[in-house]
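Shown next: target-v1.cif, containing mmCIF, C-alpha atoms and all ligand atoms.
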```cif
data_target
#
loop_
_atom_site.label_atom_id
_atom_site.label_comp_id
_atom_site.auth_asym_id
_atom_site.auth_seq_id
_atom_site.Cartn_x
_atom_site.Cartn_y
_atom_site.Cartn_z
CA MET A 15 -18.80 -143.60 319.05
CA GLN A 16 -22.43 -144.35 319.85
CA ARG A 17 -24.18 -141.34 321.34
CA LEU A 18 -26.33 -143.29 323.83
CA ALA A 19 -24.01 -146.17 324.70
CA GLY A 20 -25.24 -147.93 327.85
CA LYS A 21 -28.12 -145.51 328.43
CA VAL A 22 -31.61 -146.73 329.31
CA ALA A 23 -34.44 -145.09 327.34
CA VAL A 24 -38.23 -145.30 327.53
CA VAL A 25 -40.31 -144.16 324.55
CA THR A 26 -44.06 -144.09 325.11
CA GLY A 27 -46.12 -144.86 322.01
CA GLY A 28 -42.91 -146.32 320.58
CA ASN A 29 -44.71 -148.75 318.30
CA SER A 30 -45.57 -146.30 315.53
CA GLY A 31 -44.56 -143.13 313.69
CA ILE A 32 -42.20 -140.70 315.43
CA GLY A 33 -41.89 -142.82 318.59
CA LEU A 34 -40.90 -145.92 316.64
CA ALA A 35 -38.33 -144.02 314.57
CA ALA A 36 -36.84 -142.50 317.74
CA ALA A 37 -36.76 -145.89 319.46
CA CYS A 38 -34.95 -147.43 316.47
CA LEU A 39 -32.38 -144.63 316.41
CA PHE A 40 -31.83 -144.70 320.19
CA ALA A 41 -31.20 -148.46 319.97
CA GLN A 42 -28.78 -148.03 317.03
CA GLU A 43 -26.95 -145.45 319.15
CA GLY A 44 -26.43 -147.98 321.93
CA ALA A 45 -29.37 -147.44 324.28
CA HIS A 46 -31.34 -150.17 326.02
CA VAL A 47 -34.81 -149.28 324.74
CA ILE A 48 -38.18 -149.89 326.35
CA VAL A 49 -41.22 -148.98 324.27
CA THR A 50 -44.81 -148.80 325.41
CA ALA A 51 -47.98 -149.27 323.39
CA ARG A 52 -51.60 -150.10 323.99
CA ARG A 53 -51.75 -153.30 321.97
CA ASN A 54 -49.50 -156.35 322.35
CA GLU A 55 -49.49 -157.28 318.67
CA THR A 56 -48.18 -153.90 317.50
CA LEU A 57 -45.73 -153.89 320.38
CA GLU A 58 -44.25 -157.20 319.29
CA LYS A 59 -43.87 -156.00 315.69
CA ALA A 60 -42.15 -152.84 316.92
CA ILE A 61 -39.74 -154.72 319.16
CA ALA A 62 -38.74 -156.91 316.23
CA GLN A 63 -38.15 -153.81 314.10
CA ILE A 64 -36.15 -151.97 316.79
CA GLY A 65 -34.01 -155.03 317.56
CA HIS A 66 -30.97 -154.64 319.87
CA GLY A 67 -32.86 -156.40 322.70
CA ALA A 68 -35.63 -153.79 322.90
CA ILE A 69 -38.35 -154.49 325.45
CA GLY A 70 -42.08 -153.78 325.15
CA ILE A 71 -44.44 -152.89 327.99
CA GLN A 72 -48.10 -152.90 327.10
CA GLY A 73 -50.42 -150.27 328.58
CA ASP A 74 -52.41 -147.08 328.22
CA VAL A 75 -50.77 -143.77 329.23
CA SER A 76 -54.07 -142.48 330.59
CA ASP A 77 -54.02 -145.33 333.12
CA LEU A 78 -51.97 -144.50 336.23
CA GLU A 79 -51.45 -148.20 337.02
CA HIS A 80 -49.65 -148.56 333.69
CA HIS A 81 -47.14 -145.90 334.73
CA ALA A 82 -46.59 -147.65 338.08
CA HIS A 83 -46.06 -150.97 336.30
CA LEU A 84 -43.63 -149.39 333.81
CA ALA A 85 -41.60 -147.84 336.64
CA THR A 86 -41.48 -151.17 338.48
CA GLU A 87 -40.28 -152.97 335.35
CA VAL A 88 -37.61 -150.36 334.56
CA ARG A 89 -36.33 -150.54 338.15
CA ARG A 90 -36.32 -154.33 338.16
CA ARG A 91 -34.55 -154.68 334.82
CA PHE A 92 -32.17 -151.71 334.80
CA GLY A 93 -32.20 -150.02 338.22
CA GLY A 94 -32.67 -146.57 336.70
CA LEU A 95 -33.44 -144.53 333.60
CA ASP A 96 -31.52 -141.96 331.50
CA ILE A 97 -34.05 -140.93 328.83
CA TYR A 98 -37.82 -140.64 329.06
CA MET A 99 -39.54 -139.64 325.82
CA ALA A 100 -43.23 -138.97 326.49
CA ASN A 101 -44.43 -139.31 322.92
CA ALA A 102 -47.79 -141.10 322.95
CA GLY A 103 -50.56 -138.86 321.69
CA VAL A 104 -53.88 -138.69 319.87
CA ILE A 105 -55.69 -136.08 317.83
CA THR A 106 -59.30 -135.50 316.85
CA LEU A 107 -60.12 -132.61 314.53
CA THR A 108 -63.48 -131.04 315.33
CA SER A 109 -64.81 -127.49 315.31
CA SER A 110 -65.11 -126.25 318.87
CA HIS A 111 -68.91 -126.00 318.73
CA GLU A 112 -69.13 -129.71 317.86
CA VAL A 113 -66.57 -131.12 320.32
CA THR A 114 -68.04 -133.77 322.60
CA PRO A 115 -66.99 -134.22 326.24
CA GLU A 116 -65.70 -137.68 325.26
CA GLU A 117 -63.35 -136.26 322.60
CA TYR A 118 -62.18 -133.59 324.99
CA ASP A 119 -61.50 -136.06 327.80
CA GLN A 120 -59.74 -138.52 325.50
CA GLN A 121 -57.25 -135.93 324.23
CA PHE A 122 -56.57 -134.40 327.64
CA ASN A 123 -56.35 -137.82 329.32
CA ILE A 124 -53.76 -139.09 326.86
CA ASN A 125 -51.90 -135.97 325.72
CA THR A 126 -51.83 -134.05 329.01
CA ARG A 127 -52.67 -136.23 332.01
CA GLY A 128 -50.71 -139.12 330.46
CA ILE A 129 -47.61 -136.95 330.24
CA PHE A 130 -48.00 -135.42 333.69
CA PHE A 131 -48.43 -138.67 335.59
CA GLY A 132 -45.96 -140.53 333.37
CA VAL A 133 -43.24 -138.08 334.34
CA GLN A 134 -44.36 -138.04 337.97
CA SER A 135 -44.13 -141.81 338.15
CA ILE A 136 -40.78 -142.20 336.39
CA THR A 137 -38.92 -139.25 337.96
CA PRO A 138 -37.74 -141.13 341.07
CA LEU A 139 -35.97 -143.58 338.74
CA LEU A 140 -34.20 -140.96 336.64
CA ARG A 141 -30.45 -140.87 337.03
CA ASP A 142 -28.62 -137.58 337.47
CA LYS A 143 -28.23 -135.78 334.09
CA ALA A 144 -31.17 -137.71 332.61
CA SER A 145 -33.12 -136.21 329.70
CA ILE A 146 -36.89 -135.87 329.56
CA ILE A 147 -38.34 -135.21 326.10
CA LEU A 148 -42.00 -134.22 325.82
CA THR A 149 -43.62 -134.45 322.40
CA SER A 150 -45.89 -131.49 321.84
CA SER A 151 -47.03 -130.08 318.50
CA LEU A 152 -46.85 -127.02 316.29
CA ALA A 153 -50.59 -126.82 317.01
CA ALA A 154 -49.83 -125.80 320.60
CA THR A 155 -48.74 -122.36 319.40
CA LYS A 156 -50.52 -121.95 316.06
CA VAL A 157 -54.21 -121.64 315.17
CA LEU A 158 -55.25 -124.47 312.84
CA ASP A 159 -58.78 -125.46 311.84
CA GLY A 160 -60.46 -127.90 314.22
CA HIS A 161 -57.42 -128.09 316.50
CA ALA A 162 -58.66 -126.17 319.59
CA VAL A 163 -58.87 -129.12 321.99
CA TYR A 164 -55.77 -130.87 320.68
CA ALA A 165 -53.91 -127.53 320.87
CA GLY A 166 -55.05 -127.01 324.45
CA SER A 167 -54.00 -130.51 325.44
CA LYS A 168 -50.53 -129.93 323.99
CA ALA A 169 -50.12 -126.32 325.17
CA ALA A 170 -50.18 -127.45 328.80
CA ILE A 171 -47.00 -129.40 328.16
CA ALA A 172 -44.98 -126.19 327.83
CA ALA A 173 -46.00 -125.16 331.36
CA PHE A 174 -45.13 -128.61 332.71
CA ALA A 175 -41.72 -128.48 331.03
CA ARG A 176 -40.87 -125.08 332.51
CA HIS A 177 -41.74 -126.26 336.01
CA TRP A 178 -39.98 -129.60 335.74
CA ALA A 179 -36.81 -128.11 334.27
CA LEU A 180 -36.44 -126.03 337.45
CA GLU A 181 -37.81 -128.60 339.90
CA LEU A 182 -35.26 -131.15 338.69
CA ARG A 183 -32.26 -128.87 338.28
CA ALA A 184 -30.49 -130.12 341.44
CA ARG A 185 -30.26 -133.53 339.78
CA ARG A 186 -29.11 -131.91 336.49
CA ILE A 187 -32.08 -133.49 334.72
CA ARG A 188 -32.98 -131.62 331.55
CA VAL A 189 -36.55 -131.25 330.28
CA ASN A 190 -37.16 -130.21 326.69
CA ILE A 191 -40.05 -130.23 324.24
CA LEU A 192 -39.97 -131.70 320.76
CA SER A 193 -42.56 -129.88 318.70
CA PRO A 194 -43.27 -131.49 315.32
CA GLY A 195 -45.05 -129.84 312.44
CA PRO A 196 -46.92 -132.10 310.01
CA VAL A 197 -45.14 -135.43 309.68
CA ASP A 198 -46.30 -138.31 307.51
CA THR A 199 -47.17 -140.95 310.12
CA PRO A 200 -50.12 -143.27 310.81
CA ILE A 201 -51.73 -140.44 312.83
CA ILE A 202 -52.86 -138.95 309.49
CA GLY A 203 -54.95 -142.06 308.77
CA LYS A 204 -56.53 -141.61 312.20
CA LEU A 205 -57.81 -138.16 311.14
CA GLY A 206 -60.30 -139.83 308.84
CA ILE A 207 -58.11 -139.23 305.76
CA THR A 208 -58.78 -142.20 303.50
CA GLU A 209 -56.17 -143.63 301.15
CA GLN A 210 -58.15 -142.10 298.25
CA ILE A 211 -57.94 -138.52 299.47
CA ARG A 212 -54.53 -138.91 301.11
CA PRO A 213 -52.44 -137.63 298.12
CA GLU A 214 -54.59 -134.50 297.83
CA PHE A 215 -54.47 -133.94 301.60
CA LEU A 216 -50.67 -134.29 301.64
CA ALA A 217 -50.33 -131.89 298.69
CA GLN A 218 -52.50 -129.29 300.44
CA MET A 219 -50.51 -129.64 303.66
CA SER A 220 -47.21 -129.41 301.79
CA ALA A 221 -48.27 -126.11 300.22
CA LEU A 222 -48.63 -124.63 303.73
CA ILE A 223 -45.12 -125.60 304.83
CA PRO A 224 -42.16 -123.42 303.81
CA ALA A 225 -40.11 -126.62 303.28
CA GLY A 226 -42.70 -127.60 300.64
CA ARG A 227 -43.28 -131.03 302.15
CA LEU A 228 -44.21 -132.90 305.30
CA GLY A 229 -41.54 -134.03 307.71
CA ASP A 230 -40.11 -137.50 307.73
CA VAL A 231 -40.08 -139.51 310.97
CA GLN A 232 -36.29 -139.84 310.70
CA GLU A 233 -35.95 -136.05 310.90
CA LEU A 234 -37.93 -136.08 314.14
CA ALA A 235 -35.93 -139.03 315.46
CA LEU A 236 -32.66 -137.14 314.85
CA ALA A 237 -34.01 -134.15 316.78
CA ALA A 238 -35.07 -136.47 319.63
CA LEU A 239 -31.58 -138.01 319.61
CA TYR A 240 -30.08 -134.55 319.95
CA LEU A 241 -32.25 -133.80 322.99
CA ALA A 242 -31.61 -137.26 324.47
CA SER A 243 -27.84 -137.18 324.14
CA ALA A 244 -24.99 -135.15 325.62
CA ASP A 245 -24.94 -133.19 322.33
CA SER A 246 -27.58 -131.01 324.00
CA SER A 247 -26.00 -131.03 327.47
CA PHE A 248 -26.44 -127.22 327.90
CA VAL A 249 -29.97 -127.15 326.46
CA ASN A 250 -32.77 -127.09 329.02
CA GLY A 251 -36.39 -125.93 328.95
CA ILE A 252 -36.59 -125.31 325.20
CA GLU A 253 -39.26 -126.11 322.65
CA LEU A 254 -37.50 -127.46 319.58
CA HIS A 255 -39.69 -126.84 316.52
CA VAL A 256 -39.10 -129.41 313.82
CA ASP A 257 -41.67 -128.21 311.34
CA GLY A 258 -40.03 -127.17 308.07
CA GLY A 259 -40.57 -123.54 309.09
CA MET A 260 -44.35 -123.83 309.39
CA SER A 261 -44.45 -121.89 312.67
CA LEU A 262 -43.23 -118.84 310.70
CA VAL A 263 -46.22 -118.57 308.41
P1 LIG B 301 -48.79 -142.28 315.60
O1 LIG B 301 -50.25 -142.43 315.62
O2 LIG B 301 -48.00 -143.02 314.60
O3 LIG B 301 -48.18 -142.52 317.03
C1 LIG B 301 -48.87 -142.21 318.22
C2 LIG B 301 -48.47 -143.22 319.25
O4 LIG B 301 -49.14 -142.94 320.48
C3 LIG B 301 -48.86 -144.62 318.81
O5 LIG B 301 -47.79 -145.47 319.12
C4 LIG B 301 -50.05 -144.93 319.69
O6 LIG B 301 -50.17 -146.31 319.96
C5 LIG B 301 -49.66 -144.17 320.95
N1 LIG B 301 -50.81 -143.93 321.80
C6 LIG B 301 -51.95 -143.25 321.51
N2 LIG B 301 -52.77 -143.29 322.56
C7 LIG B 301 -52.14 -144.00 323.53
C8 LIG B 301 -52.48 -144.38 324.84
N3 LIG B 301 -53.66 -144.04 325.39
N4 LIG B 301 -51.59 -145.11 325.56
C9 LIG B 301 -50.41 -145.46 325.02
N5 LIG B 301 -50.03 -145.14 323.78
C10 LIG B 301 -50.90 -144.42 323.06
O7 LIG B 301 -48.53 -140.71 315.40
P2 LIG B 301 -47.20 -139.82 315.46
O8 LIG B 301 -47.40 -138.82 314.41
O9 LIG B 301 -45.98 -140.64 315.49
O10 LIG B 301 -47.42 -139.10 316.87
C11 LIG B 301 -46.43 -139.08 317.88
C12 LIG B 301 -46.57 -137.81 318.69
O11 LIG B 301 -46.27 -136.69 317.84
C13 LIG B 301 -47.98 -137.56 319.24
O12 LIG B 301 -47.88 -137.04 320.54
C14 LIG B 301 -48.54 -136.52 318.29
O13 LIG B 301 -49.52 -135.73 318.89
C15 LIG B 301 -47.28 -135.73 317.96
N6 LIG B 301 -47.36 -134.96 316.72
C16 LIG B 301 -47.48 -135.56 315.51
C17 LIG B 301 -47.55 -134.80 314.35
C18 LIG B 301 -47.69 -135.40 312.97
O14 LIG B 301 -47.96 -134.67 312.02
N7 LIG B 301 -47.49 -136.69 312.80
C19 LIG B 301 -47.49 -133.40 314.45
C20 LIG B 301 -47.37 -132.81 315.70
C21 LIG B 301 -47.29 -133.60 316.84
#
```

Transcribe the structure of this file into structure tokens.
Amino acid sequence: MQRLAGKVAVVTGGNSGIGLAAACLFAQEGAHVIVTARRNETLEKAIAQIGHGAIGIQGDVSDLEHHAHLATEVRRRFGGLDIYMANAGVITLTSSHEVTPEEYDQQFNINTRGIFFGVQSITPLLRDKASIILTSSLAATKVLDGHAVYAGSKAAIAAFARHWALELRARRIRVNILSPGPVDTPIIGKLGITEQIRPEFLAQMSALIPAGRLGDVQELALAALYLASADSSFVNGIELHVDGGMSLV
């Protein structure tokens, strides 16, 4: 039995890393999947990889018109939505005394504002018992070098989730947070880690994680599937840490 048979799911930033793995799994489990991404070429590659009739909507989550367009398209094509995974995110690692206003604004515009207005825009379309999944980060609750702004931009998500879980309770809509620890995705390349130093970087990271390794996107996708499906029907307002135990140390 497919866990998401007939459900309609949106995954933002579903062209790469955790979002792409979740989109693939949701589609395999019977969902009609819509992924968003900034660039058309990566979107098309992702849609081909996801298969199962997945649809791509191009746009930037920091742009409110994108959210309005996405909502219009979901309504036109499906009439409503069962799963909204707000996954798109960016990170810049900089010591606080060197952070520029541009870096600050970029992370808050995408990681925080993008999630807030994405949920605001899509909520009228959500069907009763829908599931909202917000991708945060271990960094939201742990002090890590150079992470202050990123951590702040993710920490706000916990407050949003608490409010939305109660605001939407009459419709039985659940709101939960997926909080990854280090996962080997393209985001690591975006930290300025070159291919040359990548093995050393991964080894150093692995030593900090009780599991002794980074997470795999499939492990995050399975956790997202749990939160998306009726398997978690009595789970609301939680932060699910999928971090190999790193939040313990
Ligand atoms: P990734 O770089 O592979 O994926 C990020 C996705 O967000 C990409 O699809 C990218 O196109 C999209 N995106 C970025 N800015 C966007 C914008 N303005 N508009 C629309 N889409 C945008 O990285 P990932 O590791 O898969 O990251 C997914 C989420 O997980 C992010 O929110 C990230 O902060 C979070 N996270 C990742 C890790 C990790 O170690 N990989 C750890 C903790 C949290």

Worksheet item: Excluding same-chain residues fewer than 3 positions from segment 238-253 of chain A, what lies within 6 Å of it counting all atoms listed in the file, as a ChimeraX atom specification?
Response: /A:145,176,179,188-192,235

Worksheet entry | Distance criterion (all atoms listed in the file): nearest to Ala153 of chain A out of A:Lys21, A:Arg141, A:Arg90, A:Lys168 | A:Lys168

Fill in: For Ala36 of chain A: contacts at 8 Å, only C-alpha atoms, fewer than 2 positions along chain excluded, given as a count of residues only
14

Discussion item. For Glu79 of chain A, find every residue with an atom within 12 Å (counting all atoms listed in the file), except residues of its own chain fewer than 4 positions away, and show them as a VMD selection string.
Written reply: chain A and resid 72 to 75 83 to 86 128 131 to 132 135

Near Leu95 of chain A, counting all atoms listed in the file, which residues have an atom at most 7 Å away, once you skip same-chain residues fewer than 5 positions from it, shown as a CSV table (one decimal) with C-alpha atoms, in the frame of the given file?
```
chain,number,residue,atom,x,y,z
A,22,VAL,CA,-31.6,-146.7,329.3
A,23,ALA,CA,-34.4,-145.1,327.3
A,139,LEU,CA,-36.0,-143.6,338.7
A,140,LEU,CA,-34.2,-141.0,336.6
A,141,ARG,CA,-30.4,-140.9,337.0
```

Worksheet item: Using only C-alpha atoms and all ligand atoms, what are the residues with an atom within 7 Å of ligand LIG 301 (chain B), set out as JSON, numbers by chain?
Response: {"A": [26, 27, 28, 29, 30, 31, 32, 33, 50, 51, 52, 73, 74, 75, 76, 101, 102, 103, 104, 105, 124, 125, 149, 150, 151, 152, 153, 193, 194, 195, 196, 197, 198, 199, 200, 201, 202]}

Fill in: Coordinates-based distance that separates atom CA of Ala37 of chain A from atom CA of Ile97 of chain A (Å, one decimal)
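Between atom CA of Ile97 of chain A and atom CA of Ala37 of chain A the gap is 10.9 Å.
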
Item to complete: Would you work out the distance separating atom CA of Ala175 of chain A from atom CA of Val88 of chain A, expressed in Å to one decimal?
Response: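 Taking atom CA of Ala175 of chain A as the start and atom CA of Val88 of chain A as the end point, the length is 22.5 Å.
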
Discussion item. Rounded to one decimal, what separation in Å do you get between atom CA of Ala82 of chain A and atom CA of Tyr118 of chain A?
Written reply: 24.7 Å

How would segment 238-251 of chain A of the given structure read as a file with N, CA and C atoms, as a PDB file, in the first residue's frame?
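Written output follows (decode-v1.pdb):
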```
ATOM      1  N   ALA A 238      10.916  12.712   6.290  1.00  0.00           N
ATOM      2  CA  ALA A 238       9.905  13.610   5.706  1.00  0.00           C
ATOM      3  C   ALA A 238       8.648  12.819   5.346  1.00  0.00           C
ATOM      4  N   LEU A 239       8.842  11.610   4.826  1.00  0.00           N
ATOM      5  CA  LEU A 239       7.694  10.761   4.475  1.00  0.00           C
ATOM      6  C   LEU A 239       6.873  10.438   5.723  1.00  0.00           C
ATOM      7  N   TYR A 240       7.564  10.167   6.808  1.00  0.00           N
ATOM      8  CA  TYR A 240       6.864   9.892   8.072  1.00  0.00           C
ATOM      9  C   TYR A 240       5.983  11.089   8.458  1.00  0.00           C
ATOM     10  N   LEU A 241       6.564  12.292   8.395  1.00  0.00           N
ATOM     11  CA  LEU A 241       5.798  13.480   8.791  1.00  0.00           C
ATOM     12  C   LEU A 241       4.683  13.792   7.789  1.00  0.00           C
ATOM     13  N   ALA A 242       4.898  13.433   6.527  1.00  0.00           N
ATOM     14  CA  ALA A 242       3.906  13.730   5.483  1.00  0.00           C
ATOM     15  C   ALA A 242       2.711  12.786   5.547  1.00  0.00           C
ATOM     16  N   SER A 243       2.946  11.574   6.006  1.00  0.00           N
ATOM     17  CA  SER A 243       1.931  10.519   5.868  1.00  0.00           C
ATOM     18  C   SER A 243       1.111  10.351   7.139  1.00  0.00           C
ATOM     19  N   ALA A 244       0.100   9.510   7.048  1.00  0.00           N
ATOM     20  CA  ALA A 244      -0.746   9.213   8.216  1.00  0.00           C
ATOM     21  C   ALA A 244       0.008   8.418   9.272  1.00  0.00           C
ATOM     22  N   ASP A 245       1.204   7.942   8.964  1.00  0.00           N
ATOM     23  CA  ASP A 245       2.026   7.266   9.992  1.00  0.00           C
ATOM     24  C   ASP A 245       2.251   8.187  11.190  1.00  0.00           C
ATOM     25  N   SER A 246       2.246   9.496  10.931  1.00  0.00           N
ATOM     26  CA  SER A 246       2.481  10.462  12.019  1.00  0.00           C
ATOM     27  C   SER A 246       1.194  11.223  12.366  1.00  0.00           C
ATOM     28  N   SER A 247       0.039  10.560  12.209  1.00  0.00           N
ATOM     29  CA  SER A 247      -1.238  11.282  12.329  1.00  0.00           C
ATOM     30  C   SER A 247      -1.472  11.917  13.706  1.00  0.00           C
ATOM     31  N   PHE A 248      -0.770  11.446  14.754  1.00  0.00           N
ATOM     32  CA  PHE A 248      -0.958  12.037  16.098  1.00  0.00           C
ATOM     33  C   PHE A 248       0.265  12.864  16.506  1.00  0.00           C
ATOM     34  N   VAL A 249       1.071  13.239  15.521  1.00  0.00           N
ATOM     35  CA  VAL A 249       2.305  13.992  15.787  1.00  0.00           C
ATOM     36  C   VAL A 249       2.107  15.406  15.263  1.00  0.00           C
ATOM     37  N   ASN A 250       2.164  16.380  16.154  1.00  0.00           N
ATOM     38  CA  ASN A 250       1.939  17.768  15.739  1.00  0.00           C
ATOM     39  C   ASN A 250       2.810  18.707  16.567  1.00  0.00           C
ATOM     40  N   GLY A 251       3.477  19.627  15.885  1.00  0.00           N
ATOM     41  CA  GLY A 251       4.252  20.659  16.574  1.00  0.00           C
ATOM     42  C   GLY A 251       5.617  20.183  17.057  1.00  0.00           C
TER      43      GLY A 251
END
```
